[in-house]
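Engineer: Quick one: the structure is below, and I'll ask about it shortly.
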Amino acid sequence: MRDIATLLEALPYMREFHGKTVVIKYGGAAMTDPALQEEFARDVVLLKYVGMNPIVIHGGGPEISNYMRRLNLPIKFVDGLRVSDAATVEVAKMVLVGKVNKDIVLLINRHGQPAVGLCGDDGLLFRAVRQAAPSGQDIGFVGRIERVDVDVLRHVAQDYIPVVASVGADREGNSYNINADEAAGAVARALEAYKIMFLTDVPGWLRDPGDPASVISEAGADEVQAALAGVAGGMRPKLAACLEAINGGVSYAHIVDGRVPHSLLLELFTDAGQGTKIGPAA
C-alpha cells in the first residue's frame, strides 16, 4: 500500500510540473558512484516521460583533478572556484566535453530517452567574460556567463534531453572554465525555468557546516542574500546561483543530497521533500 500512497502523493506534483522546465546541476558523488550514475539517468528519463523538460548542466571537478594529477599540473581553489591557467582550461575542456559529457549522454540514452551533448561553444550557447574570485583574487581563465542563447536549448529540448558541459568562450574565442553551479543558474535564469536543482554531497544548506543534521529545509532569497557573505567553500557558488536564478524569475531552487538514491524524485514529487528549498523573498 505504501507504493500506491507514494504514487498518489506524486500525482499532483506531476500535474503541476507538466510542461515545465527544470534545470539540474549534476555533480558530486552522483557523478562518480556507478550505482548513483544509473539512478540519476533513470530519474532524468522519468522526468521527461512525465512531461517535464529536464536540462542537465554538469561540471566534473574530480575528473579534471584526476587528469591534472596525472599530468603533474597544480590544483588550487579560491572561494570554491578552480584557479585556471591556459593548461588547466585545456585539460578541463578535454575532460568535460570529450569524456564526462559523452558518458552522461550515453547513460541517459541507454535508459530510454535520447540525449544530446552540448558545451558553451555549441551554437554560441555561452558567451563568457573573465571574472575574478568573489574575494577579488585573479583566478585565471575562469569565466562568468554574459549571455545564454536560449534558442539553442529550446530547439534541442523539444525532442531531446540537453546535457551541457560548463565551458565557454568570449568574443575573441578565448576558452574559459565556468563553474557549473554558475552555469546552471545562468541557464535557469535565461530560460525562466520553473525550478533549478543542485545535486551535492551534503544533505542541503546547513546552518552549521559541521552538523549534517542542521539542514535549512526552506529559505527565502532574502535570507540567502543576508547569509551569503559568511558562506565558504563549494556551497557559496551554489547559493549565489540560486539567488541569480530566483532573482531572474525562476520559481524555486533546490539543493539536494546526490548521495541519496532518487533524491531528485524525492524532492520533486513527495510532500516531505529532501534537502533545501529556496523561494522568492518573503
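As shown in the C-alpha cells, the chain order sets the letters A, B, ...; within each chain, residues go from 1, and ligands are also counted from 1 in the order they appear.
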Set the distance at 12 Å and use only C-alpha atoms: which residues neighbour Gly60 (chain A) once local chain neighbours fewer than 5 positions away are removed? I'd like the list as number ranges by chain.
Structural biologist: A: 25-32, 65-67, 82, 91-101, 103-104, 164-167, 177-181
Engineer: When you look at region 112-116 of chain A with a cut-off of 12 Å (counting only C-alpha atoms), what residues show up, excluding the ones that are within fewer than 6 positions of it in the same chain? I need them as a PyMOL selection string.
Structural biologist: chain A and resi 41-49+53-57+97+101-106+122+152-153+155-165
Engineer: Suppose we keep N, CA, C and O atoms; can you now write the selection as a CSV table (one decimal), in the first residue's frame?
Structural biologist:
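Dumped everything to result04.csv:
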```csv
chain,number,residue,atom,x,y,z
A,41,ALA,N,20.4,8.8,-14.2
A,41,ALA,CA,19.9,8.7,-15.5
A,41,ALA,C,18.5,8.3,-15.6
A,41,ALA,O,17.7,8.8,-16.4
A,42,ARG,N,18.1,7.3,-14.8
A,42,ARG,CA,16.7,6.8,-14.7
A,42,ARG,C,15.8,7.9,-14.3
A,42,ARG,O,14.7,8.1,-14.9
A,43,ASP,N,16.2,8.7,-13.3
A,43,ASP,CA,15.4,9.8,-12.8
A,43,ASP,C,15.1,10.9,-13.8
A,43,ASP,O,14.0,11.4,-14.0
A,44,VAL,N,16.2,11.2,-14.6
A,44,VAL,CA,16.1,12.3,-15.6
A,44,VAL,C,15.1,11.8,-16.7
A,44,VAL,O,14.3,12.5,-17.2
A,45,VAL,N,15.3,10.5,-17.1
A,45,VAL,CA,14.4,9.9,-18.1
A,45,VAL,C,13.0,10.0,-17.7
A,45,VAL,O,12.0,10.3,-18.4
A,46,LEU,N,12.7,9.6,-16.4
A,46,LEU,CA,11.4,9.6,-15.9
A,46,LEU,C,10.8,11.0,-15.9
A,46,LEU,O,9.6,11.2,-16.3
A,47,LEU,N,11.6,12.1,-15.6
A,47,LEU,CA,11.1,13.4,-15.7
A,47,LEU,C,10.6,13.8,-17.1
A,47,LEU,O,9.6,14.4,-17.3
A,48,LYS,N,11.3,13.3,-18.1
A,48,LYS,CA,11.0,13.5,-19.5
A,48,LYS,C,9.7,12.8,-19.8
A,48,LYS,O,8.8,13.3,-20.5
A,49,TYR,N,9.6,11.6,-19.3
A,49,TYR,CA,8.4,10.8,-19.6
A,49,TYR,C,7.1,11.3,-19.0
A,49,TYR,O,6.0,11.2,-19.6
A,53,ASN,N,10.6,19.1,-18.8
A,53,ASN,CA,11.7,19.4,-19.7
A,53,ASN,C,13.0,19.5,-18.9
A,53,ASN,O,13.3,20.6,-18.6
A,54,PRO,N,13.6,18.4,-18.7
A,54,PRO,CA,14.9,18.5,-17.9
A,54,PRO,C,16.1,18.9,-18.8
A,54,PRO,O,16.2,18.5,-19.9
A,55,ILE,N,16.9,19.8,-18.2
A,55,ILE,CA,18.1,20.2,-18.9
A,55,ILE,C,19.2,20.0,-17.8
A,55,ILE,O,19.2,20.5,-16.7
A,56,VAL,N,20.2,19.2,-18.2
A,56,VAL,CA,21.3,18.8,-17.3
A,56,VAL,C,22.5,19.7,-17.6
A,56,VAL,O,23.0,19.8,-18.7
A,57,ILE,N,23.0,20.3,-16.5
A,57,ILE,CA,24.3,21.1,-16.6
A,57,ILE,C,25.3,20.4,-15.7
A,57,ILE,O,25.0,20.1,-14.6
A,97,VAL,N,34.1,18.0,-22.0
A,97,VAL,CA,33.4,17.9,-23.3
A,97,VAL,C,33.7,16.5,-24.0
A,97,VAL,O,32.7,15.9,-24.5
A,101,ASN,N,30.9,14.6,-20.6
A,101,ASN,CA,29.6,14.8,-21.3
A,101,ASN,C,29.1,13.6,-22.0
A,101,ASN,O,27.9,13.3,-21.9
A,102,LYS,N,30.0,13.0,-22.7
A,102,LYS,CA,29.5,11.8,-23.5
A,102,LYS,C,29.1,10.6,-22.7
A,102,LYS,O,28.2,9.9,-23.0
A,103,ASP,N,29.8,10.5,-21.5
A,103,ASP,CA,29.4,9.4,-20.6
A,103,ASP,C,28.0,9.6,-20.1
A,103,ASP,O,27.2,8.7,-20.0
A,104,ILE,N,27.6,10.9,-19.8
A,104,ILE,CA,26.3,11.2,-19.3
A,104,ILE,C,25.3,10.9,-20.4
A,104,ILE,O,24.2,10.3,-20.2
A,105,VAL,N,25.6,11.4,-21.6
A,105,VAL,CA,24.7,11.2,-22.7
A,105,VAL,C,24.4,9.7,-23.0
A,105,VAL,O,23.2,9.3,-23.2
A,106,LEU,N,25.4,8.9,-22.9
A,106,LEU,CA,25.3,7.5,-23.2
A,106,LEU,C,24.4,6.9,-22.1
A,106,LEU,O,23.5,6.0,-22.4
A,122,ASP,N,28.9,25.4,-28.5
A,122,ASP,CA,28.0,24.9,-29.5
A,122,ASP,C,26.9,25.9,-29.7
A,122,ASP,O,26.1,26.3,-28.8
A,152,VAL,N,19.0,27.9,-28.8
A,152,VAL,CA,19.7,26.6,-29.0
A,152,VAL,C,19.1,25.6,-28.0
A,152,VAL,O,18.8,24.5,-28.5
A,153,LEU,N,19.0,25.9,-26.7
A,153,LEU,CA,18.5,24.9,-25.8
A,153,LEU,C,17.0,24.6,-26.0
A,153,LEU,O,16.6,23.4,-26.0
A,155,HIS,N,15.4,24.7,-28.8
A,155,HIS,CA,15.3,23.9,-30.0
A,155,HIS,C,15.7,22.4,-29.7
A,155,HIS,O,15.0,21.5,-30.1
A,156,VAL,N,16.8,22.2,-29.0
A,156,VAL,CA,17.2,20.8,-28.7
A,156,VAL,C,16.2,20.2,-27.7
A,156,VAL,O,15.9,19.0,-27.9
A,157,ALA,N,15.8,20.9,-26.7
A,157,ALA,CA,14.9,20.3,-25.7
A,157,ALA,C,13.5,19.9,-26.2
A,157,ALA,O,12.8,19.2,-25.5
A,158,GLN,N,13.2,20.3,-27.4
A,158,GLN,CA,11.9,19.9,-27.9
A,158,GLN,C,11.8,18.4,-28.1
A,158,GLN,O,10.8,17.8,-27.8
A,159,ASP,N,12.9,17.8,-28.5
A,159,ASP,CA,12.9,16.3,-28.8
A,159,ASP,C,14.0,15.6,-28.0
A,159,ASP,O,13.9,14.3,-28.0
A,160,TYR,N,14.9,16.3,-27.3
A,160,TYR,CA,16.0,15.6,-26.6
A,160,TYR,C,16.2,16.1,-25.2
A,160,TYR,O,15.6,17.2,-24.9
A,161,ILE,N,17.0,15.4,-24.5
A,161,ILE,CA,17.4,16.0,-23.2
A,161,ILE,C,18.8,16.6,-23.4
A,161,ILE,O,19.7,15.9,-23.7
A,162,PRO,N,18.9,17.9,-23.2
A,162,PRO,CA,20.2,18.6,-23.4
A,162,PRO,C,21.1,18.3,-22.2
A,162,PRO,O,20.6,18.4,-21.1
A,163,VAL,N,22.3,18.0,-22.5
A,163,VAL,CA,23.3,17.7,-21.4
A,163,VAL,C,24.5,18.7,-21.7
A,163,VAL,O,25.2,18.5,-22.8
A,164,VAL,N,24.7,19.7,-20.9
A,164,VAL,CA,25.6,20.8,-21.2
A,164,VAL,C,26.8,20.8,-20.3
A,164,VAL,O,26.7,20.8,-19.1
A,165,ALA,N,28.0,20.8,-20.9
A,165,ALA,CA,29.3,20.9,-20.2
A,165,ALA,C,29.6,22.4,-19.9
A,165,ALA,O,29.4,23.2,-20.8
```
Engineer: Please determine, counting only C-alpha atoms, which residue among A:Gly275, A:Gly51, A:Gly123, A:Pro12 has the shortest atom-to-atom distance to Ser214 (chain A).
Structural biologist: A:Gly275
Engineer: Neighbouring residues of Gly80 (chain A) were defined as those with any atom within 9 Å, considering only C-alpha atoms; residues of the same chain fewer than 6 positions away were excluded. Please report them as a list in words.
Structural biologist: Ala133, Ala232, Gly233, Gly234, Met235, Arg236 and Pro237 of chain A
Engineer: Among region 38-205 of chain A, which residues carry a DSSP assignment of strand (DSSP E), reported as a PyMOL selection string?
Structural biologist: chain A and resi 53-58+77-78+81-82+115-119+126-130+143-148+161-165+167-169+175-177+195-200
Engineer: Check the smallest atom-to-atom distance from each of A:Asn72, A:Asn247, A:Thr200, A:Thr276 to Ala219 (chain A) using only C-alpha atoms, then report the winner.
Structural biologist: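 Going through A:Asn72, A:Asn247, A:Thr200, A:Thr276 one by one, the smallest distance to Ala219 (chain A) is for A:Thr276.
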Engineer: Mind checking DSSP for region 13-203 of chain A and telling me the helix (DSSP H, G or I) residues as a ChimeraX atom specification?
Structural biologist: /A:13-17,29-32,34-49,61-70,86-110,122-124,150-157,180-191
Engineer: Of the candidates A:Pro34, A:Gly140, A:Pro261, A:Gly220, which one gets nearest to Leu199 (chain A) if we count only C-alpha atoms?
Structural biologist: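 That would be A:Pro261, the residue with the smallest distance to Leu199 (chain A).
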Engineer: Glu182 (chain A): which residues within 10 Å, counting only C-alpha atoms, same-chain residues fewer than 5 positions away excluded, as a list in words?
Structural biologist: Lys25, Ile57, Gly143, Arg144, Ile145, Ser166, Val187, Ala188, Pro237, Lys238, Leu239, Ala240, Ala241, Cys242, Glu244 and Ala245 of chain A
Engineer: Under the rule that only C-alpha atoms are counted, which of A:Ile139, A:Leu243, A:Leu206, A:Ala253 is the nearest residue to Val231 (chain A)?
Structural biologist: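 Comparing A:Ile139, A:Leu243, A:Leu206, A:Ala253 against Val231 (chain A), the winner is A:Leu206.
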Engineer: Quick one: residues within 12 Å of Arg171 (chain A), only C-alpha atoms, excluding same-chain residues fewer than 4 positions away - as a list in words?
Structural biologist: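 Contacts, in chain order: Asp121, Leu124, Phe126, Arg127, Ala128, Val129, Arg130, Ile145, Glu146, Arg147, Ser175 and Tyr176 of chain A.
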Engineer: Could the residues in this selection be saved with all heavy atoms as an mmCIF file, in the first residue's frame?
Structural biologist:
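This is the output file out_22.cif:
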```cif
data_model
loop_
_atom_site.group_PDB
_atom_site.id
_atom_site.type_symbol
_atom_site.label_atom_id
_atom_site.label_comp_id
_atom_site.auth_asym_id
_atom_site.auth_seq_id
_atom_site.Cartn_x
_atom_site.Cartn_y
_atom_site.Cartn_z
ATOM 1 N N ASP A 121 30.381 26.299 -26.319
ATOM 2 C CA ASP A 121 30.820 26.700 -27.651
ATOM 3 C C ASP A 121 29.786 26.370 -28.726
ATOM 4 O O ASP A 121 29.797 26.972 -29.804
ATOM 5 C CB ASP A 121 32.134 25.994 -28.015
ATOM 6 C CG ASP A 121 33.273 26.366 -27.089
ATOM 7 O OD1 ASP A 121 33.155 27.396 -26.393
ATOM 8 O OD2 ASP A 121 34.270 25.631 -27.053
ATOM 9 N N LEU A 124 27.145 28.962 -30.100
ATOM 10 C CA LEU A 124 27.410 30.148 -29.266
ATOM 11 C C LEU A 124 26.493 30.162 -28.044
ATOM 12 O O LEU A 124 25.972 31.198 -27.642
ATOM 13 C CB LEU A 124 27.228 31.438 -30.080
ATOM 14 C CG LEU A 124 28.127 31.574 -31.319
ATOM 15 C CD1 LEU A 124 27.782 32.852 -32.082
ATOM 16 C CD2 LEU A 124 29.593 31.552 -30.930
ATOM 17 N N PHE A 126 27.036 29.735 -24.756
ATOM 18 C CA PHE A 126 27.500 30.622 -23.680
ATOM 19 C C PHE A 126 28.488 31.637 -24.240
ATOM 20 O O PHE A 126 29.440 31.261 -24.914
ATOM 21 C CB PHE A 126 28.243 29.840 -22.582
ATOM 22 C CG PHE A 126 27.424 28.838 -21.839
ATOM 23 C CD1 PHE A 126 28.043 27.770 -21.184
ATOM 24 C CD2 PHE A 126 26.040 28.921 -21.766
ATOM 25 C CE1 PHE A 126 27.316 26.828 -20.488
ATOM 26 C CE2 PHE A 126 25.298 27.984 -21.076
ATOM 27 C CZ PHE A 126 25.932 26.931 -20.435
ATOM 28 N N ARG A 127 28.258 32.895 -23.948
ATOM 29 C CA ARG A 127 29.298 33.897 -24.178
ATOM 30 C C ARG A 127 29.801 34.318 -22.813
ATOM 31 O O ARG A 127 29.024 34.770 -21.972
ATOM 32 C CB ARG A 127 28.762 35.094 -24.961
ATOM 33 C CG ARG A 127 29.888 36.057 -25.373
ATOM 34 C CD ARG A 127 29.409 37.085 -26.351
ATOM 35 N NE ARG A 127 28.492 38.028 -25.717
ATOM 36 C CZ ARG A 127 27.562 38.723 -26.375
ATOM 37 N NH1 ARG A 127 27.414 38.558 -27.669
ATOM 38 N NH2 ARG A 127 26.788 39.570 -25.732
ATOM 39 N N ALA A 128 31.105 34.175 -22.618
ATOM 40 C CA ALA A 128 31.685 34.371 -21.287
ATOM 41 C C ALA A 128 32.595 35.586 -21.253
ATOM 42 O O ALA A 128 33.093 36.052 -22.283
ATOM 43 C CB ALA A 128 32.466 33.124 -20.873
ATOM 44 N N VAL A 129 32.794 36.099 -20.053
ATOM 45 C CA VAL A 129 33.797 37.132 -19.795
ATOM 46 C C VAL A 129 34.620 36.670 -18.603
ATOM 47 O O VAL A 129 34.143 35.919 -17.747
ATOM 48 C CB VAL A 129 33.154 38.510 -19.501
ATOM 49 C CG1 VAL A 129 32.458 39.055 -20.733
ATOM 50 C CG2 VAL A 129 32.189 38.422 -18.323
ATOM 51 N N ARG A 130 35.857 37.102 -18.565
ATOM 52 C CA ARG A 130 36.753 36.701 -17.486
ATOM 53 C C ARG A 130 36.289 37.298 -16.164
ATOM 54 O O ARG A 130 35.795 38.429 -16.126
ATOM 55 C CB ARG A 130 38.173 37.164 -17.797
ATOM 56 C CG ARG A 130 39.239 36.642 -16.850
ATOM 57 C CD ARG A 130 40.598 36.783 -17.487
ATOM 58 N NE ARG A 130 41.689 36.439 -16.586
ATOM 59 C CZ ARG A 130 42.897 36.083 -16.992
ATOM 60 N NH1 ARG A 130 43.164 36.040 -18.288
ATOM 61 N NH2 ARG A 130 43.841 35.786 -16.119
ATOM 62 N N ILE A 145 29.274 33.792 -17.234
ATOM 63 C CA ILE A 145 28.433 33.792 -18.432
ATOM 64 C C ILE A 145 27.746 35.142 -18.575
ATOM 65 O O ILE A 145 27.006 35.578 -17.693
ATOM 66 C CB ILE A 145 27.394 32.655 -18.383
ATOM 67 C CG1 ILE A 145 28.109 31.301 -18.406
ATOM 68 C CG2 ILE A 145 26.428 32.753 -19.562
ATOM 69 C CD1 ILE A 145 27.191 30.118 -18.264
ATOM 70 N N GLU A 146 28.009 35.786 -19.698
ATOM 71 C CA GLU A 146 27.428 37.085 -20.001
ATOM 72 C C GLU A 146 26.111 36.935 -20.758
ATOM 73 O O GLU A 146 25.214 37.757 -20.625
ATOM 74 C CB GLU A 146 28.429 37.883 -20.834
ATOM 75 C CG GLU A 146 28.054 39.320 -21.117
ATOM 76 C CD GLU A 146 29.132 40.030 -21.901
ATOM 77 O OE1 GLU A 146 29.561 39.510 -22.958
ATOM 78 O OE2 GLU A 146 29.573 41.112 -21.462
ATOM 79 N N ARG A 147 26.025 35.863 -21.540
ATOM 80 C CA ARG A 147 24.822 35.656 -22.366
ATOM 81 C C ARG A 147 24.606 34.171 -22.613
ATOM 82 O O ARG A 147 25.552 33.430 -22.823
ATOM 83 C CB ARG A 147 24.984 36.374 -23.707
ATOM 84 C CG ARG A 147 23.818 36.208 -24.666
ATOM 85 C CD ARG A 147 24.043 36.993 -25.955
ATOM 86 N NE ARG A 147 22.973 36.785 -26.915
ATOM 87 C CZ ARG A 147 22.950 35.790 -27.803
ATOM 88 N NH1 ARG A 147 23.952 34.925 -27.856
ATOM 89 N NH2 ARG A 147 21.941 35.646 -28.646
ATOM 90 N N SER A 175 38.964 30.385 -24.533
ATOM 91 C CA SER A 175 38.176 29.402 -23.787
ATOM 92 C C SER A 175 38.258 29.667 -22.284
ATOM 93 O O SER A 175 39.299 30.101 -21.773
ATOM 94 C CB SER A 175 38.681 27.986 -24.076
ATOM 95 O OG SER A 175 38.377 27.606 -25.400
ATOM 96 N N TYR A 176 37.153 29.377 -21.592
ATOM 97 C CA TYR A 176 37.088 29.592 -20.149
ATOM 98 C C TYR A 176 36.487 28.378 -19.456
ATOM 99 O O TYR A 176 35.555 27.744 -19.963
ATOM 100 C CB TYR A 176 36.231 30.824 -19.819
ATOM 101 C CG TYR A 176 36.875 32.128 -20.195
ATOM 102 C CD1 TYR A 176 36.650 32.695 -21.446
ATOM 103 C CD2 TYR A 176 37.713 32.791 -19.318
ATOM 104 C CE1 TYR A 176 37.250 33.890 -21.810
ATOM 105 C CE2 TYR A 176 38.321 33.987 -19.663
ATOM 106 C CZ TYR A 176 38.080 34.533 -20.918
ATOM 107 O OH TYR A 176 38.682 35.715 -21.268
#
```
Engineer: Check the smallest atom-to-atom distance from each of A:Arg207, A:Val215, A:Ala132, A:His58 to Leu228 (chain A) using only C-alpha atoms, then report the winner.
Structural biologist: A:Arg207
Engineer: Provide the CA of Gly273 (chain A) to CA of Leu107 (chain A) distance in Å, to one decimal place.
Structural biologist: 25.6 Å
Engineer: Find, counting only C-alpha atoms, the residue in A:Leu191, A:Gly204, A:Gly117, A:Thr88 that gets nearest to Ile75 (chain A).
Structural biologist: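 Of all the options, A:Thr88 lies closest to Ile75 (chain A).
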Engineer: Find the spatial neighbours of Ala281 (chain A), counting only C-alpha atoms, within a cut-off of 12 Å - ignore same-chain residues fewer than 2 positions away - and output them as an mmCIF file with N, CA and C atoms, in the first residue's frame.
Structural biologist:
```cif
data_model
loop_
_atom_site.group_PDB
_atom_site.id
_atom_site.type_symbol
_atom_site.label_atom_id
_atom_site.label_comp_id
_atom_site.auth_asym_id
_atom_site.auth_seq_id
_atom_site.Cartn_x
_atom_site.Cartn_y
_atom_site.Cartn_z
ATOM 1 N N GLU A 218 13.774 25.140 4.277
ATOM 2 C CA GLU A 218 13.217 26.167 3.398
ATOM 3 C C GLU A 218 13.796 27.520 3.759
ATOM 4 N N ALA A 219 14.005 28.365 2.744
ATOM 5 C CA ALA A 219 14.527 29.708 2.974
ATOM 6 C C ALA A 219 14.079 30.615 1.839
ATOM 7 N N GLY A 220 13.998 31.906 2.131
ATOM 8 C CA GLY A 220 13.695 32.888 1.109
ATOM 9 C C GLY A 220 14.979 33.462 0.535
ATOM 10 N N ALA A 221 14.872 34.052 -0.660
ATOM 11 C CA ALA A 221 16.053 34.627 -1.297
ATOM 12 C C ALA A 221 16.686 35.717 -0.431
ATOM 13 N N ASP A 222 15.858 36.435 0.335
ATOM 14 C CA ASP A 222 16.406 37.490 1.197
ATOM 15 C C ASP A 222 17.277 36.900 2.307
ATOM 16 N N GLU A 223 16.865 35.741 2.853
ATOM 17 C CA GLU A 223 17.669 35.077 3.883
ATOM 18 C C GLU A 223 19.007 34.603 3.311
ATOM 19 N N VAL A 224 18.965 34.065 2.091
ATOM 20 C CA VAL A 224 20.195 33.604 1.448
ATOM 21 C C VAL A 224 21.129 34.780 1.195
ATOM 22 N N GLN A 225 20.582 35.877 0.700
ATOM 23 C CA GLN A 225 21.391 37.062 0.415
ATOM 24 C C GLN A 225 22.074 37.573 1.678
ATOM 25 N N ALA A 226 21.348 37.586 2.778
ATOM 26 C CA ALA A 226 21.903 38.086 4.034
ATOM 27 C C ALA A 226 23.005 37.189 4.567
ATOM 28 N N LEU A 243 20.398 32.371 -6.008
ATOM 29 C CA LEU A 243 19.939 33.766 -5.983
ATOM 30 C C LEU A 243 19.783 34.317 -7.394
ATOM 31 N N ILE A 246 16.585 32.754 -8.864
ATOM 32 C CA ILE A 246 15.351 33.261 -8.254
ATOM 33 C C ILE A 246 15.121 34.717 -8.647
ATOM 34 N N ASN A 247 16.171 35.531 -8.599
ATOM 35 C CA ASN A 247 16.025 36.945 -8.963
ATOM 36 C C ASN A 247 15.727 37.130 -10.447
ATOM 37 N N GLY A 249 13.590 35.167 -12.089
ATOM 38 C CA GLY A 249 12.255 34.693 -12.416
ATOM 39 C C GLY A 249 12.014 33.216 -12.230
ATOM 40 N N SER A 251 11.078 30.002 -10.238
ATOM 41 C CA SER A 251 10.162 29.913 -9.093
ATOM 42 C C SER A 251 10.841 29.377 -7.842
ATOM 43 N N TYR A 252 11.606 28.285 -7.988
ATOM 44 C CA TYR A 252 12.220 27.664 -6.812
ATOM 45 C C TYR A 252 13.585 27.089 -7.159
ATOM 46 N N ILE A 278 14.624 26.856 -1.817
ATOM 47 C CA ILE A 278 14.753 28.302 -1.742
ATOM 48 C C ILE A 278 13.746 28.945 -2.681
ATOM 49 N N GLY A 279 12.976 29.882 -2.132
ATOM 50 C CA GLY A 279 11.966 30.558 -2.928
ATOM 51 C C GLY A 279 12.182 32.069 -2.921
#
```
